[in-house]
Amino acid sequence: WTESEALGQSGEIIFTPEDREAGAPEQEIETAFINGRAPDERFHLRRDGSRFYVSGVMTLLKDTGGNVRGFAKIARDMTERIEAEKALRGKEMLQRIVGAQEDERKRIARNLHDELGQQLTALRLRLESIRKTCEDTELCGKIDETQMIAKSIDNGVDFLAWELRPAALDDLGLFAALDKYVKEWSHHSGVTAELLASKLKRIRFAPEVETNLYRITQEALNNAHKHASARRAEVMLEKRGEQIVLIIEDDGKGFDVKKKTNRSKGIGLIGMQERATLIGGTVEIESAAGRGTTIFVRVPAAPTKRRRSNEK
Ligand SMILES: Nc1ncnc2c1ncn2[C@@H]1O[C@H](COP(=O)(O)OP(=O)(O)OP(=O)(O)O)[C@@H](O)[C@H]1O
Ligand SMILES: [Mg+2]
């Protein structure tokens, strides 16, 4: 409002219709009249009808003789703080969801490995002892086949458990986990792949940094396999000053990064962005039709003391 627009008007003009309806202006005035002041936080209206959140105080104004002259309201625009709080709540929520997801994966991976794995081992031992006493050639052949199936299920369960949550990530760190992942991925996808990170072989980062960088790499490589028809992929992990830089590159068909439909097709790219934000980092994607895709992830490398896995 300009001064001339506001002068002579009722103070009610800055209240929202629902507050007016509920009698909020009168209540504020009444409280200020009785107590001398009426503090509150609420939405008010701008001239154009838009809303902004304020923290303010309505004060009773008296002249030197003690006669009531009117009321004054001083308010501070809290929009920025509210937005910041909202963003923080969003980030905390995301952190909790991603954390819960990792815990759940860990739990399932452990159960798969411990429960199913144990039973499969028992099964294989039984089959082995039956095979030793077997004399019928045809029956022996069938036991051999069954042993093969049991072995393949055992391998499958191990692979599933590892893919869900590799123990190396907790025990040996990002380099070891990535190294194994890149090799396995290359084997499964048939895409030649290499991890270049030898300088960081023995360096450990904060657990959430390691987990999120690992998951980003997983998604980027899976995209390279699923969408790019890539022949080669490279994963680079470096420390540049106080920054960890993760680069995942493929030589596939590329895509238009700016095109909204590409970004909203799945949840992979969005997830990468969210994971990077969670650890204070950024993601940058460079891609063009026929020229492959490069994903740069930069995160601060705050050195943190790691807990041992048996400490809580
Ligand atoms: N390396 C890549 N090469 C070529 N196209 C890609 C690459 N990465 C992503 N894209 C394109 O961007 C789109 C969005 O990727 P995103 O990972 O978000 O989703 P998605 O892989 O389709 O599904 P989701 O990851 O949810 O399973 C893909 O559908 C694909 O068209
Ligand atoms: Mg994807």
# chains A, B, ... in the order shown; residues from 1 in each chain; ligands from 1

$ residues_near_ligand --ligand "ligand 2" --cutoff "8 Å" --atoms "only C-alpha atoms and all ligand atoms" --output "number ranges by chain"
A: 219-220, 222-223, 226, 266-269

$ write_last_selection --atoms "N, CA and C atoms" --output "PDB file, in the first residue's frame"
ATOM      1  N   GLU A 219      22.453 -45.749  -9.968  1.00  0.00           N
ATOM      2  CA  GLU A 219      21.396 -45.240 -10.842  1.00  0.00           C
ATOM      3  C   GLU A 219      21.973 -44.782 -12.186  1.00  0.00           C
ATOM      4  N   ALA A 220      23.102 -44.076 -12.127  1.00  0.00           N
ATOM      5  CA  ALA A 220      23.689 -43.558 -13.367  1.00  0.00           C
ATOM      6  C   ALA A 220      24.108 -44.708 -14.284  1.00  0.00           C
ATOM      7  N   ASN A 222      22.912 -47.784 -14.234  1.00  0.00           N
ATOM      8  CA  ASN A 222      21.714 -48.474 -14.721  1.00  0.00           C
ATOM      9  C   ASN A 222      21.059 -47.693 -15.854  1.00  0.00           C
ATOM     10  N   ASN A 223      21.056 -46.385 -15.760  1.00  0.00           N
ATOM     11  CA  ASN A 223      20.525 -45.569 -16.856  1.00  0.00           C
ATOM     12  C   ASN A 223      21.355 -45.766 -18.121  1.00  0.00           C
ATOM     13  N   LYS A 226      20.251 -49.048 -19.453  1.00  0.00           N
ATOM     14  CA  LYS A 226      18.849 -49.100 -19.876  1.00  0.00           C
ATOM     15  C   LYS A 226      18.563 -48.217 -21.084  1.00  0.00           C
ATOM     16  N   GLY A 266      11.121 -40.783 -15.127  1.00  0.00           N
ATOM     17  CA  GLY A 266      11.301 -41.730 -14.019  1.00  0.00           C
ATOM     18  C   GLY A 266      11.641 -40.980 -12.748  1.00  0.00           C
ATOM     19  N   ILE A 267      12.095 -41.727 -11.755  1.00  0.00           N
ATOM     20  CA  ILE A 267      12.480 -41.048 -10.521  1.00  0.00           C
ATOM     21  C   ILE A 267      13.986 -41.106 -10.295  1.00  0.00           C
ATOM     22  N   GLY A 268      14.691 -41.687 -11.287  1.00  0.00           N
ATOM     23  CA  GLY A 268      16.138 -41.861 -11.134  1.00  0.00           C
ATOM     24  C   GLY A 268      16.909 -40.557 -11.047  1.00  0.00           C
ATOM     25  N   LEU A 269      16.710 -39.691 -12.035  1.00  0.00           N
ATOM     26  CA  LEU A 269      17.463 -38.424 -12.059  1.00  0.00           C
ATOM     27  C   LEU A 269      17.068 -37.535 -10.880  1.00  0.00           C
TER      28      LEU A 269
END

$ residues_near_ligand --ligand "ligand 1" --cutoff "9 Å" --atoms "only C-alpha atoms and all ligand atoms" --output "PyMOL selection string"
chain A and resi 219-230+248-257+261-272+287-289+292-295

$ residues_around --residues "A:Lys106" --least-positions-apart "6" --cutoff "9 Å" --atoms "only C-alpha atoms" --output "list in words"
Ala161, Leu164, Arg165, Pro166 and Ala167 of chain A

$ residues_around --residues "A:Phe159" --least-positions-apart "4" --cutoff "12 Å" --atoms "only C-alpha atoms" --output "list of chain:residue names"
A:Ala109, A:Leu112, A:His113, A:Gly117, A:Ser152, A:Ile153, A:Asp154, A:Asn155, A:Glu163, A:Leu164, A:Arg165, A:Pro166, A:Ala167, A:Lys180, A:Tyr181, A:Glu184, A:Trp185, A:His188

$ closest_residue --among "A:Met236, A:Ile34, A:Ile74, A:Met58" --to "A:Lys199" --atoms "only C-alpha atoms"
A:Met236

$ residues_around --residues "A:Ile247" --least-positions-apart "3" --cutoff "12 Å" --atoms "only C-alpha atoms" --output "JSON, numbers by chain"
{"A": [194, 195, 196, 197, 213, 214, 216, 217, 220, 221, 233, 234, 235, 236, 237, 238, 239, 244, 250, 282, 283, 284, 285, 286, 293, 294, 295, 296, 297, 298, 299]}

$ write_last_selection --atoms "C-alpha atoms" --output "PDB file, in the first residue's frame"
ATOM      1  CA  GLU A 194      36.143 -49.027 -15.219  1.00  0.00           C
ATOM      2  CA  LEU A 195      36.498 -47.322 -11.859  1.00  0.00           C
ATOM      3  CA  LEU A 196      39.232 -44.717 -11.639  1.00  0.00           C
ATOM      4  CA  ALA A 197      39.716 -43.784  -8.035  1.00  0.00           C
ATOM      5  CA  LEU A 213      27.386 -41.541  -3.780  1.00  0.00           C
ATOM      6  CA  TYR A 214      27.119 -45.299  -4.148  1.00  0.00           C
ATOM      7  CA  ILE A 216      23.915 -42.263  -7.400  1.00  0.00           C
ATOM      8  CA  THR A 217      26.517 -44.348  -9.233  1.00  0.00           C
ATOM      9  CA  ALA A 220      23.689 -43.558 -13.367  1.00  0.00           C
ATOM     10  CA  LEU A 221      25.139 -46.869 -14.539  1.00  0.00           C
ATOM     11  CA  ALA A 233      31.250 -46.448 -19.025  1.00  0.00           C
ATOM     12  CA  GLU A 234      33.676 -44.875 -16.633  1.00  0.00           C
ATOM     13  CA  VAL A 235      33.300 -43.957 -12.994  1.00  0.00           C
ATOM     14  CA  MET A 236      35.775 -41.489 -11.541  1.00  0.00           C
ATOM     15  CA  LEU A 237      36.071 -40.541  -7.927  1.00  0.00           C
ATOM     16  CA  GLU A 238      38.461 -37.793  -6.934  1.00  0.00           C
ATOM     17  CA  LYS A 239      39.151 -35.426  -4.126  1.00  0.00           C
ATOM     18  CA  ILE A 244      34.676 -35.029  -3.519  1.00  0.00           C
ATOM     19  CA  ASP A 250      28.949 -43.208 -20.779  1.00  0.00           C
ATOM     20  CA  THR A 282      25.184 -30.756  -6.472  1.00  0.00           C
ATOM     21  CA  VAL A 283      24.552 -32.746  -9.627  1.00  0.00           C
ATOM     22  CA  GLU A 284      25.291 -31.517 -13.112  1.00  0.00           C
ATOM     23  CA  ILE A 285      24.397 -33.502 -16.206  1.00  0.00           C
ATOM     24  CA  GLU A 286      26.052 -32.948 -19.552  1.00  0.00           C
ATOM     25  CA  THR A 293      26.266 -38.556 -20.979  1.00  0.00           C
ATOM     26  CA  THR A 294      28.455 -37.271 -18.169  1.00  0.00           C
ATOM     27  CA  ILE A 295      27.172 -36.796 -14.658  1.00  0.00           C
ATOM     28  CA  PHE A 296      29.156 -34.671 -12.242  1.00  0.00           C
ATOM     29  CA  VAL A 297      28.419 -34.914  -8.552  1.00  0.00           C
ATOM     30  CA  ARG A 298      30.221 -32.567  -6.207  1.00  0.00           C
ATOM     31  CA  VAL A 299      29.959 -32.830  -2.449  1.00  0.00           C
TER      32      VAL A 299
END

$ residues_around --residues "A:Thr59" --least-positions-apart "5" --cutoff "9 Å" --atoms "only C-alpha atoms" --output "list in words"
Ile29, Ala32, Phe33, Asn35, Gly36, Arg37, Ala38, Pro39, Gly70, Phe71, Ala72, Lys73 and Ile74 of chain A

$ write_last_selection --atoms "N, CA, C and O atoms" --output "PDB file, in the first residue's frame"
ATOM      1  N   ILE A  29      -7.731  -5.724  18.659  1.00  0.00           N
ATOM      2  CA  ILE A  29      -7.939  -4.403  19.248  1.00  0.00           C
ATOM      3  C   ILE A  29      -8.384  -4.531  20.711  1.00  0.00           C
ATOM      4  O   ILE A  29      -7.869  -3.847  21.593  1.00  0.00           O
ATOM      5  N   ALA A  32      -5.404  -5.546  22.808  1.00  0.00           N
ATOM      6  CA  ALA A  32      -4.505  -4.390  22.964  1.00  0.00           C
ATOM      7  C   ALA A  32      -5.126  -3.364  23.913  1.00  0.00           C
ATOM      8  O   ALA A  32      -4.429  -2.728  24.710  1.00  0.00           O
ATOM      9  N   PHE A  33      -6.430  -3.234  23.848  1.00  0.00           N
ATOM     10  CA  PHE A  33      -7.128  -2.268  24.707  1.00  0.00           C
ATOM     11  C   PHE A  33      -7.008  -2.681  26.171  1.00  0.00           C
ATOM     12  O   PHE A  33      -6.740  -1.866  27.048  1.00  0.00           O
ATOM     13  N   ASN A  35      -4.792  -5.191  27.495  1.00  0.00           N
ATOM     14  CA  ASN A  35      -3.423  -5.464  27.974  1.00  0.00           C
ATOM     15  C   ASN A  35      -2.398  -4.423  27.541  1.00  0.00           C
ATOM     16  O   ASN A  35      -1.246  -4.490  27.936  1.00  0.00           O
ATOM     17  N   GLY A  36      -2.783  -3.526  26.678  1.00  0.00           N
ATOM     18  CA  GLY A  36      -1.821  -2.540  26.181  1.00  0.00           C
ATOM     19  C   GLY A  36      -1.134  -3.016  24.917  1.00  0.00           C
ATOM     20  O   GLY A  36      -0.640  -2.231  24.127  1.00  0.00           O
ATOM     21  N   ARG A  37      -1.093  -4.343  24.708  1.00  0.00           N
ATOM     22  CA  ARG A  37      -0.473  -4.864  23.492  1.00  0.00           C
ATOM     23  C   ARG A  37      -1.061  -6.232  23.123  1.00  0.00           C
ATOM     24  O   ARG A  37      -1.521  -6.960  24.009  1.00  0.00           O
ATOM     25  N   ALA A  38      -1.035  -6.541  21.844  1.00  0.00           N
ATOM     26  CA  ALA A  38      -1.558  -7.829  21.388  1.00  0.00           C
ATOM     27  C   ALA A  38      -0.613  -8.421  20.349  1.00  0.00           C
ATOM     28  O   ALA A  38      -0.683  -8.091  19.173  1.00  0.00           O
ATOM     29  N   PRO A  39       0.305  -9.289  20.812  1.00  0.00           N
ATOM     30  CA  PRO A  39       1.234  -9.901  19.842  1.00  0.00           C
ATOM     31  C   PRO A  39       0.562 -11.069  19.108  1.00  0.00           C
ATOM     32  O   PRO A  39      -0.304 -11.731  19.671  1.00  0.00           O
ATOM     33  N   GLY A  70      -5.650   5.632  19.810  1.00  0.00           N
ATOM     34  CA  GLY A  70      -5.766   4.684  18.686  1.00  0.00           C
ATOM     35  C   GLY A  70      -4.878   3.467  18.911  1.00  0.00           C
ATOM     36  O   GLY A  70      -4.454   3.202  20.049  1.00  0.00           O
ATOM     37  N   PHE A  71      -4.599   2.779  17.808  1.00  0.00           N
ATOM     38  CA  PHE A  71      -3.789   1.568  17.905  1.00  0.00           C
ATOM     39  C   PHE A  71      -2.738   1.588  16.793  1.00  0.00           C
ATOM     40  O   PHE A  71      -2.977   2.148  15.729  1.00  0.00           O
ATOM     41  N   ALA A  72      -1.610   1.014  17.128  1.00  0.00           N
ATOM     42  CA  ALA A  72      -0.585   0.909  16.081  1.00  0.00           C
ATOM     43  C   ALA A  72      -0.180  -0.545  15.961  1.00  0.00           C
ATOM     44  O   ALA A  72      -0.141  -1.274  16.960  1.00  0.00           O
ATOM     45  N   LYS A  73       0.088  -0.967  14.725  1.00  0.00           N
ATOM     46  CA  LYS A  73       0.561  -2.352  14.566  1.00  0.00           C
ATOM     47  C   LYS A  73       1.913  -2.335  13.864  1.00  0.00           C
ATOM     48  O   LYS A  73       2.059  -1.734  12.793  1.00  0.00           O
ATOM     49  N   ILE A  74       2.862  -2.971  14.497  1.00  0.00           N
ATOM     50  CA  ILE A  74       4.172  -3.114  13.855  1.00  0.00           C
ATOM     51  C   ILE A  74       4.370  -4.602  13.581  1.00  0.00           C
ATOM     52  O   ILE A  74       4.203  -5.426  14.479  1.00  0.00           O
TER      53      ILE A  74
END

$ select_by_dssp --residues "stretch 114-269 of chain A" --states "helix (DSSP H, G or I)" --output "VMD selection string"
chain A and resid 114 to 133 137 to 164 167 to 171 174 to 189 198 to 200 207 to 227 260 to 263 268 to 269

$ write_last_selection --atoms "C-alpha atoms" --output "compact mmCIF listing (two decimals), in the first residue's frame"
# COMPACT_ATOMS: atom_id res chain seq x y z
CA ASP A 114 21.39 -65.10 7.09
CA GLU A 115 18.05 -66.92 6.93
CA LEU A 116 17.80 -68.09 3.35
CA GLY A 117 21.55 -68.41 2.97
CA GLN A 118 21.78 -70.71 6.02
CA GLN A 119 18.99 -72.94 4.81
CA LEU A 120 20.46 -73.15 1.35
CA THR A 121 23.80 -74.16 2.82
CA ALA A 122 22.05 -76.89 4.83
CA LEU A 123 20.30 -78.06 1.68
CA ARG A 124 23.54 -78.20 -0.25
CA LEU A 125 25.29 -80.16 2.50
CA ARG A 126 22.44 -82.68 2.59
CA LEU A 127 22.56 -83.11 -1.16
CA GLU A 128 26.30 -83.58 -1.00
CA SER A 129 26.06 -86.35 1.58
CA ILE A 130 23.29 -88.08 -0.38
CA ARG A 131 25.44 -87.82 -3.49
CA LYS A 132 28.33 -89.55 -1.69
CA THR A 133 26.25 -92.60 -0.83
CA THR A 137 23.85 -93.81 -11.99
CA GLU A 138 20.56 -92.29 -13.07
CA LEU A 139 19.74 -91.13 -9.55
CA CYS A 140 23.30 -89.75 -9.17
CA GLY A 141 22.79 -87.69 -12.29
CA LYS A 142 19.55 -86.25 -10.93
CA ILE A 143 21.21 -85.37 -7.64
CA ASP A 144 23.99 -83.64 -9.56
CA GLU A 145 21.40 -81.54 -11.37
CA THR A 146 19.64 -80.70 -8.10
CA GLN A 147 22.97 -79.68 -6.61
CA MET A 148 23.52 -77.33 -9.54
CA ILE A 149 20.11 -75.75 -9.02
CA ALA A 150 20.75 -75.32 -5.30
CA LYS A 151 24.09 -73.68 -6.05
CA SER A 152 22.55 -71.31 -8.53
CA ILE A 153 19.80 -70.31 -6.04
CA ASP A 154 22.50 -69.78 -3.42
CA ASN A 155 24.41 -67.50 -5.79
CA GLY A 156 21.20 -65.69 -6.69
CA VAL A 157 20.37 -65.01 -3.05
CA ASP A 158 23.90 -63.77 -2.39
CA PHE A 159 23.70 -61.48 -5.40
CA LEU A 160 20.31 -60.11 -4.34
CA ALA A 161 21.54 -59.43 -0.83
CA TRP A 162 24.67 -57.75 -2.13
CA GLU A 163 22.75 -55.62 -4.61
CA LEU A 164 20.35 -54.47 -1.89
CA ALA A 167 28.43 -55.19 3.22
CA ALA A 168 31.57 -53.62 1.74
CA LEU A 169 29.92 -50.21 1.90
CA ASP A 170 29.80 -50.40 5.68
CA ASP A 171 32.94 -52.42 6.27
CA LEU A 174 33.05 -46.48 -0.91
CA PHE A 175 36.02 -47.42 -3.06
CA ALA A 176 35.78 -51.15 -2.35
CA ALA A 177 32.00 -51.16 -2.76
CA LEU A 178 32.14 -49.21 -6.04
CA ASP A 179 34.96 -51.34 -7.36
CA LYS A 180 32.92 -54.50 -6.88
CA TYR A 181 29.74 -52.86 -8.16
CA VAL A 182 31.33 -51.57 -11.35
CA LYS A 183 32.80 -55.00 -12.08
CA GLU A 184 29.52 -56.84 -11.42
CA TRP A 185 27.54 -54.27 -13.38
CA SER A 186 29.88 -54.57 -16.33
CA HIS A 187 29.58 -58.35 -16.21
CA HIS A 188 25.76 -58.22 -16.10
CA SER A 189 25.25 -55.44 -18.62
CA SER A 198 42.91 -45.39 -6.90
CA LYS A 199 43.98 -42.35 -4.85
CA LEU A 200 40.91 -42.75 -2.67
CA PRO A 207 28.49 -42.93 6.05
CA GLU A 208 25.69 -40.92 4.43
CA VAL A 209 28.13 -39.52 1.85
CA GLU A 210 29.35 -43.01 0.97
CA THR A 211 25.85 -44.46 0.76
CA ASN A 212 24.44 -41.65 -1.36
CA LEU A 213 27.39 -41.54 -3.78
CA TYR A 214 27.12 -45.30 -4.15
CA ARG A 215 23.39 -45.11 -4.91
CA ILE A 216 23.91 -42.26 -7.40
CA THR A 217 26.52 -44.35 -9.23
CA GLN A 218 24.17 -47.33 -9.28
CA GLU A 219 21.40 -45.24 -10.84
CA ALA A 220 23.69 -43.56 -13.37
CA LEU A 221 25.14 -46.87 -14.54
CA ASN A 222 21.71 -48.47 -14.72
CA ASN A 223 20.53 -45.57 -16.86
CA ALA A 224 23.56 -45.97 -19.11
CA HIS A 225 22.62 -49.63 -19.57
CA LYS A 226 18.85 -49.10 -19.88
CA HIS A 227 18.69 -46.01 -22.08
CA LYS A 260 11.14 -31.66 -19.13
CA THR A 261 9.67 -34.97 -20.32
CA ASN A 262 13.10 -36.60 -19.99
CA ARG A 263 13.52 -35.41 -16.46
CA GLY A 268 16.14 -41.86 -11.13
CA LEU A 269 17.46 -38.42 -12.06

$ closest_residue --among "A:Glu274, A:Asp77, A:Glu135, A:Glu28" --to "A:Arg46" --atoms "only C-alpha atoms"
A:Asp77

$ residues_around --residues "A:Asp40" --least-positions-apart "4" --cutoff "8 Å" --atoms "only C-alpha atoms" --output "MDAnalysis selection string"
chainID A and resid 55:57

$ atom_distance --atom1 "atom CA of A:His44" --atom2 "atom CA of A:Ala24"
11.3 Å

$ select_by_dssp --residues "stretch 27-246 of chain A" --states "strand (DSSP E or B)" --output "compact mmCIF listing (two decimals) with N, CA and C atoms, in the first residue's frame"
# COMPACT_ATOMS: atom_id res chain seq x y z
N ARG A 37 -1.09 -4.34 24.71
CA ARG A 37 -0.47 -4.86 23.49
C ARG A 37 -1.06 -6.23 23.12
N ALA A 38 -1.03 -6.54 21.84
CA ALA A 38 -1.56 -7.83 21.39
C ALA A 38 -0.61 -8.42 20.35
N PRO A 39 0.31 -9.29 20.81
CA PRO A 39 1.23 -9.90 19.84
C PRO A 39 0.56 -11.07 19.11
N ASP A 40 0.94 -11.28 17.87
CA ASP A 40 0.40 -12.44 17.15
C ASP A 40 1.22 -12.74 15.90
N GLU A 41 0.97 -13.91 15.34
CA GLU A 41 1.56 -14.27 14.05
C GLU A 41 0.43 -14.70 13.16
N ARG A 42 0.34 -14.14 11.99
CA ARG A 42 -0.73 -14.53 11.07
C ARG A 42 -0.42 -14.05 9.65
N PHE A 43 -1.23 -14.51 8.70
CA PHE A 43 -1.11 -14.02 7.34
C PHE A 43 -1.81 -12.67 7.22
N HIS A 44 -1.19 -11.74 6.51
CA HIS A 44 -1.85 -10.47 6.17
C HIS A 44 -1.88 -10.33 4.65
N LEU A 45 -2.61 -9.33 4.21
CA LEU A 45 -2.77 -9.13 2.76
C LEU A 45 -1.97 -7.94 2.27
N ARG A 51 -0.57 -12.86 -0.06
CA ARG A 51 -0.45 -13.01 1.39
C ARG A 51 1.00 -13.06 1.83
N PHE A 52 1.26 -12.58 3.00
CA PHE A 52 2.59 -12.75 3.57
C PHE A 52 2.44 -12.98 5.06
N TYR A 53 3.33 -13.82 5.60
CA TYR A 53 3.21 -14.20 6.99
C TYR A 53 3.98 -13.22 7.86
N VAL A 54 3.34 -12.71 8.89
CA VAL A 54 4.03 -11.72 9.72
C VAL A 54 3.96 -12.10 11.19
N SER A 55 4.95 -11.57 11.90
CA SER A 55 4.91 -11.63 13.35
C SER A 55 4.80 -10.19 13.79
N GLY A 56 3.76 -9.88 14.55
CA GLY A 56 3.55 -8.46 14.86
C GLY A 56 2.94 -8.21 16.22
N VAL A 57 2.89 -6.94 16.58
CA VAL A 57 2.28 -6.53 17.85
C VAL A 57 1.36 -5.34 17.60
N MET A 58 0.14 -5.45 18.06
CA MET A 58 -0.79 -4.31 18.03
C MET A 58 -0.65 -3.62 19.39
N THR A 59 -0.39 -2.31 19.35
CA THR A 59 -0.17 -1.57 20.61
C THR A 59 -1.22 -0.49 20.79
N LEU A 60 -1.59 -0.31 22.03
CA LEU A 60 -2.55 0.74 22.38
C LEU A 60 -1.81 2.07 22.47
N LEU A 61 -2.33 3.10 21.77
CA LEU A 61 -1.66 4.42 21.82
C LEU A 61 -2.48 5.37 22.71
N LYS A 62 -1.78 5.98 23.67
CA LYS A 62 -2.48 6.93 24.55
C LYS A 62 -1.78 8.27 24.47
N VAL A 68 -7.13 7.23 25.27
CA VAL A 68 -6.84 6.35 24.13
C VAL A 68 -6.94 7.13 22.82
N ARG A 69 -5.82 7.10 22.05
CA ARG A 69 -5.80 7.82 20.77
C ARG A 69 -6.00 6.89 19.58
N GLY A 70 -5.65 5.63 19.81
CA GLY A 70 -5.77 4.68 18.69
C GLY A 70 -4.88 3.47 18.91
N PHE A 71 -4.60 2.78 17.81
CA PHE A 71 -3.79 1.57 17.90
C PHE A 71 -2.74 1.59 16.79
N ALA A 72 -1.61 1.01 17.13
CA ALA A 72 -0.58 0.91 16.08
C ALA A 72 -0.18 -0.54 15.96
N LYS A 73 0.09 -0.97 14.73
CA LYS A 73 0.56 -2.35 14.57
C LYS A 73 1.91 -2.34 13.86
N ILE A 74 2.86 -2.97 14.50
CA ILE A 74 4.17 -3.11 13.86
C ILE A 74 4.37 -4.60 13.58
N ALA A 75 4.67 -4.91 12.34
CA ALA A 75 4.78 -6.33 11.97
C ALA A 75 6.04 -6.59 11.17
N ARG A 76 6.59 -7.77 11.37
CA ARG A 76 7.78 -8.16 10.62
C ARG A 76 7.41 -9.27 9.63
N ASP A 77 7.84 -9.11 8.40
CA ASP A 77 7.56 -10.11 7.36
C ASP A 77 8.38 -11.38 7.66
N THR A 192 31.57 -52.42 -21.15
CA THR A 192 32.89 -52.31 -20.55
C THR A 192 32.89 -51.15 -19.55
N ALA A 193 33.38 -51.40 -18.35
CA ALA A 193 33.34 -50.31 -17.36
C ALA A 193 34.58 -50.33 -16.48
N GLU A 194 34.93 -49.16 -16.01
CA GLU A 194 36.14 -49.03 -15.22
C GLU A 194 35.93 -48.02 -14.10
N LEU A 195 36.52 -48.30 -12.96
CA LEU A 195 36.50 -47.32 -11.86
C LEU A 195 37.88 -46.71 -11.74
N LEU A 196 37.95 -45.40 -11.81
CA LEU A 196 39.23 -44.72 -11.64
C LEU A 196 39.18 -43.92 -10.35
N ARG A 232 30.84 -48.23 -23.46
CA ARG A 232 31.83 -48.02 -22.39
C ARG A 232 31.27 -47.10 -21.33
N ALA A 233 31.62 -47.37 -20.10
CA ALA A 233 31.25 -46.45 -19.03
C ALA A 233 32.44 -46.30 -18.09
N GLU A 234 32.55 -45.12 -17.52
CA GLU A 234 33.68 -44.87 -16.63
C GLU A 234 33.17 -44.19 -15.38
N VAL A 235 33.67 -44.62 -14.25
CA VAL A 235 33.30 -43.96 -12.99
C VAL A 235 34.59 -43.40 -12.40
N MET A 236 34.58 -42.10 -12.13
CA MET A 236 35.78 -41.49 -11.54
C MET A 236 35.43 -40.87 -10.19
N LEU A 237 36.28 -41.11 -9.25
CA LEU A 237 36.07 -40.54 -7.93
C LEU A 237 37.37 -39.84 -7.53
N GLU A 238 37.25 -38.55 -7.26
CA GLU A 238 38.46 -37.79 -6.93
C GLU A 238 38.20 -36.87 -5.78
N LYS A 239 39.29 -36.47 -5.13
CA LYS A 239 39.15 -35.43 -4.13
C LYS A 239 39.86 -34.20 -4.69
N ARG A 240 39.08 -33.12 -4.85
CA ARG A 240 39.69 -31.89 -5.34
C ARG A 240 39.53 -30.85 -4.23
N GLN A 243 36.57 -30.94 -1.82
CA GLN A 243 35.40 -31.48 -2.50
C GLN A 243 35.64 -32.91 -2.99
N ILE A 244 34.60 -33.72 -2.87
CA ILE A 244 34.68 -35.03 -3.52
C ILE A 244 33.95 -34.86 -4.84
N VAL A 245 34.58 -35.31 -5.90
CA VAL A 245 33.94 -35.22 -7.21
C VAL A 245 33.75 -36.63 -7.75
N LEU A 246 32.50 -36.93 -8.07
CA LEU A 246 32.17 -38.23 -8.65
C LEU A 246 31.69 -37.98 -10.07
